[in-house]
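First up is the structure itself, then whatever we jot down about it.
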Amino acid sequence: TFARPKHLELAAPNIVATVSDQSDGSFAVTLTAQAPALWAWVELAGGPARYSDNFMHLFPGKPVTLTVRPAASMTTEAVQERLVVRSLVDTYA
């Protein structure tokens with residue numbers, strides 16, 4: 001961008017995360033956004049996890065899929081419930 005991130009007027013991206021189980025104990029997480037979500041990242045509340053990617057840009061109409069591997073065994077529902085997705089706009093408060 002031509003402006004520093006602190007000067008950008010970003011709309012709330014309304015990020016949606018869809019979780020699906022993979023056979024090896026990891027989960028595919030597909031992120032979609034209704035508005036640009038710069039420097040988006042995911043966290044798994046309540047426990048450590050490994051992520052195939054973190055800190056990405058999301059754009060409308062261009063879903064991004066990453067792999068989340070929790071340190072402990074979890075169900076798809078538990079991952080969906082504990083998954084937290086944030087972006088630059090969430091740091092403005």
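Chain identifiers are assigned as A, B, and so on, following the order in which chains appear in the structure tokens; residues are numbered from 1 within each chain, and ligands are numbered from 1 in order of appearance.
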Inset, instruction - Would you mind writing down, as JSON, numbers by chain, each residue of chain A that DSSP on the backbone assigns to strand (DSSP E)? - result: {"A": [16, 17, 18, 19, 20, 21, 27, 28, 29, 30, 31, 32, 37, 38, 39, 40, 41, 42, 43, 44, 49, 50, 51, 56, 57, 58, 64, 65, 66, 67, 68, 69, 70, 83, 84, 85, 86]}
Legend entry - Filtered DSSP result for chain A, state helix (DSSP H, G or I), as a PyMOL selection string: chain A and resi 5-7+76-82+88-91
For the residues in the current selection, export all heavy atoms as a tab-separated table (two decimals), in the first residue's frame.
```tsv
chain	number	residue	atom	x	y	z
A	5	PRO	N	0.17	1.30	7.52
A	5	PRO	CA	-1.03	0.59	8.02
A	5	PRO	C	-1.84	1.38	9.03
A	5	PRO	O	-3.06	1.31	9.01
A	5	PRO	CB	-0.44	-0.68	8.65
A	5	PRO	CG	0.83	-0.91	7.90
A	5	PRO	CD	1.37	0.47	7.59
A	6	LYS	N	-1.20	2.17	9.88
A	6	LYS	CA	-1.94	2.92	10.89
A	6	LYS	C	-2.81	4.02	10.27
A	6	LYS	O	-3.69	4.55	10.91
A	6	LYS	CB	-1.01	3.51	11.94
A	6	LYS	CG	-0.09	4.60	11.44
A	6	LYS	CD	0.78	5.09	12.57
A	6	LYS	CE	1.71	6.20	12.11
A	6	LYS	NZ	2.51	6.70	13.22
A	7	HIS	N	-2.56	4.37	9.01
A	7	HIS	CA	-3.34	5.40	8.34
A	7	HIS	C	-4.43	4.83	7.44
A	7	HIS	O	-5.19	5.60	6.84
A	7	HIS	CB	-2.42	6.30	7.51
A	7	HIS	CG	-1.42	7.04	8.34
A	7	HIS	ND1	-1.78	7.98	9.29
A	7	HIS	CD2	-0.07	6.96	8.38
A	7	HIS	CE1	-0.68	8.46	9.86
A	7	HIS	NE2	0.36	7.85	9.34
A	76	THR	N	-13.47	-31.78	15.45
A	76	THR	CA	-13.70	-30.68	14.53
A	76	THR	C	-14.51	-29.58	15.20
A	76	THR	O	-14.22	-28.38	15.04
A	76	THR	CB	-14.43	-31.18	13.26
A	76	THR	OG1	-13.67	-32.25	12.69
A	76	THR	CG2	-14.61	-30.08	12.25
A	77	GLU	N	-15.52	-29.98	15.96
A	77	GLU	CA	-16.36	-29.00	16.65
A	77	GLU	C	-15.57	-28.19	17.67
A	77	GLU	O	-15.77	-26.98	17.82
A	77	GLU	CB	-17.54	-29.70	17.33
A	77	GLU	CG	-18.54	-30.33	16.38
A	77	GLU	CD	-18.06	-31.68	15.81
A	77	GLU	OE1	-17.14	-32.32	16.39
A	77	GLU	OE2	-18.60	-32.08	14.77
A	78	ALA	N	-14.65	-28.85	18.39
A	78	ALA	CA	-13.84	-28.15	19.39
A	78	ALA	C	-12.90	-27.15	18.71
A	78	ALA	O	-12.72	-26.03	19.21
A	78	ALA	CB	-13.04	-29.15	20.22
A	79	VAL	N	-12.32	-27.53	17.59
A	79	VAL	CA	-11.44	-26.62	16.87
A	79	VAL	C	-12.25	-25.42	16.36
A	79	VAL	O	-11.83	-24.27	16.51
A	79	VAL	CB	-10.72	-27.33	15.69
A	79	VAL	CG1	-9.98	-26.33	14.82
A	79	VAL	CG2	-9.77	-28.39	16.22
A	80	GLN	N	-13.42	-25.68	15.79
A	80	GLN	CA	-14.27	-24.60	15.29
A	80	GLN	C	-14.64	-23.63	16.41
A	80	GLN	O	-14.63	-22.42	16.23
A	80	GLN	CB	-15.54	-25.18	14.65
A	80	GLN	CG	-16.48	-24.15	14.06
A	80	GLN	CD	-16.01	-23.63	12.72
A	80	GLN	OE1	-15.73	-24.41	11.82
A	80	GLN	NE2	-15.91	-22.33	12.58
A	81	GLU	N	-14.94	-24.18	17.57
A	81	GLU	CA	-15.34	-23.36	18.73
A	81	GLU	C	-14.19	-22.54	19.27
A	81	GLU	O	-14.37	-21.39	19.68
A	81	GLU	CB	-15.89	-24.28	19.81
A	81	GLU	CG	-16.38	-23.56	21.05
A	81	GLU	CD	-16.92	-24.54	22.08
A	81	GLU	OE1	-17.91	-25.24	21.77
A	81	GLU	OE2	-16.33	-24.61	23.17
A	82	ARG	N	-12.98	-23.09	19.28
A	82	ARG	CA	-11.83	-22.42	19.89
A	82	ARG	C	-11.01	-21.58	18.92
A	82	ARG	O	-10.12	-20.84	19.36
A	82	ARG	CB	-10.91	-23.46	20.53
A	82	ARG	CG	-11.56	-24.17	21.69
A	82	ARG	CD	-10.62	-25.16	22.29
A	82	ARG	NE	-11.28	-25.89	23.36
A	82	ARG	CZ	-10.68	-26.81	24.07
A	82	ARG	NH1	-9.42	-27.12	23.84
A	82	ARG	NH2	-11.34	-27.43	25.04
A	88	LEU	N	-5.61	-6.93	11.05
A	88	LEU	CA	-5.10	-5.62	11.43
A	88	LEU	C	-6.20	-4.73	12.01
A	88	LEU	O	-5.98	-4.03	12.99
A	88	LEU	CB	-4.47	-4.94	10.22
A	88	LEU	CG	-3.89	-3.56	10.45
A	88	LEU	CD1	-2.74	-3.60	11.44
A	88	LEU	CD2	-3.43	-2.96	9.13
A	89	VAL	N	-7.39	-4.79	11.45
A	89	VAL	CA	-8.48	-3.94	11.92
A	89	VAL	C	-8.84	-4.24	13.38
A	89	VAL	O	-9.29	-3.35	14.10
A	89	VAL	CB	-9.71	-4.05	10.99
A	89	VAL	CG1	-10.47	-5.34	11.21
A	89	VAL	CG2	-10.63	-2.87	11.16
A	90	ASP	N	-8.58	-5.44	13.86
A	90	ASP	CA	-8.87	-5.79	15.25
A	90	ASP	C	-7.87	-5.15	16.22
A	90	ASP	O	-8.11	-5.13	17.43
A	90	ASP	CB	-8.84	-7.32	15.44
A	90	ASP	CG	-9.96	-7.99	14.66
A	90	ASP	OD1	-11.12	-7.57	14.82
A	90	ASP	OD2	-9.65	-8.92	13.87
A	91	THR	N	-6.77	-4.64	15.73
A	91	THR	CA	-5.77	-4.02	16.61
A	91	THR	C	-6.04	-2.53	16.79
A	91	THR	O	-5.31	-1.88	17.54
A	91	THR	CB	-4.35	-4.20	16.04
A	91	THR	OG1	-4.22	-3.45	14.83
A	91	THR	CG2	-4.04	-5.66	15.80
```
Inset, instruction - Compare A:Arg4, A:His57, A:Arg69, A:Lys62 by their minimum atom-to-atom distance to Leu44 (chain A), counting only C-alpha atoms, and give me the closest one. - result: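 Result for the nearest residue to Leu44 (chain A): A:Arg69.
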Legend entry - Who sits within 6 Å of region 24-36 of chain A, only C-alpha atoms, same chain under 3 positions skipped, as a PyMOL selection string: chain A and resi 13-21+58-60+63-69
Legend entry - Atom pair CA of Leu10 (chain A) / CA of Ala37 (chain A): separation (Å):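 Computing it gives 8.1 Å between the two atoms.
The residue set within 8 Å of Asn54 (chain A), counting only C-alpha atoms and dropping same-chain residues fewer than 5 places from it, reads Ala40, Trp41 and Val42 of chain A.
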Legend entry - For Ser23 (chain A), the nearest of the candidates A:Leu83, A:Met56, A:Tyr92, A:Thr75, counting only C-alpha atoms: A:Thr75
Inset, instruction - Would you work out the distance separating CA of Ala11 (chain A) from CA of Tyr51 (chain A), expressed in Å to one decimal? - result: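 Between CA of Ala11 (chain A) and CA of Tyr51 (chain A) the gap is 26.1 Å.
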Inset, instruction - Between A:Ala72, A:Asp53, A:Ala45, A:Leu38, single out the one closest to Ser87 (chain A), counting only C-alpha atoms. - result: A:Leu38
Inset, instruction - May I ask which of the residues A:Glu43, A:Arg50, A:Ser73, A:Phe2 is the closest one to Arg86 (chain A), counting only C-alpha atoms? - result: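 Using only C-alpha atoms, Arg86 (chain A) sits closest to A:Glu43.
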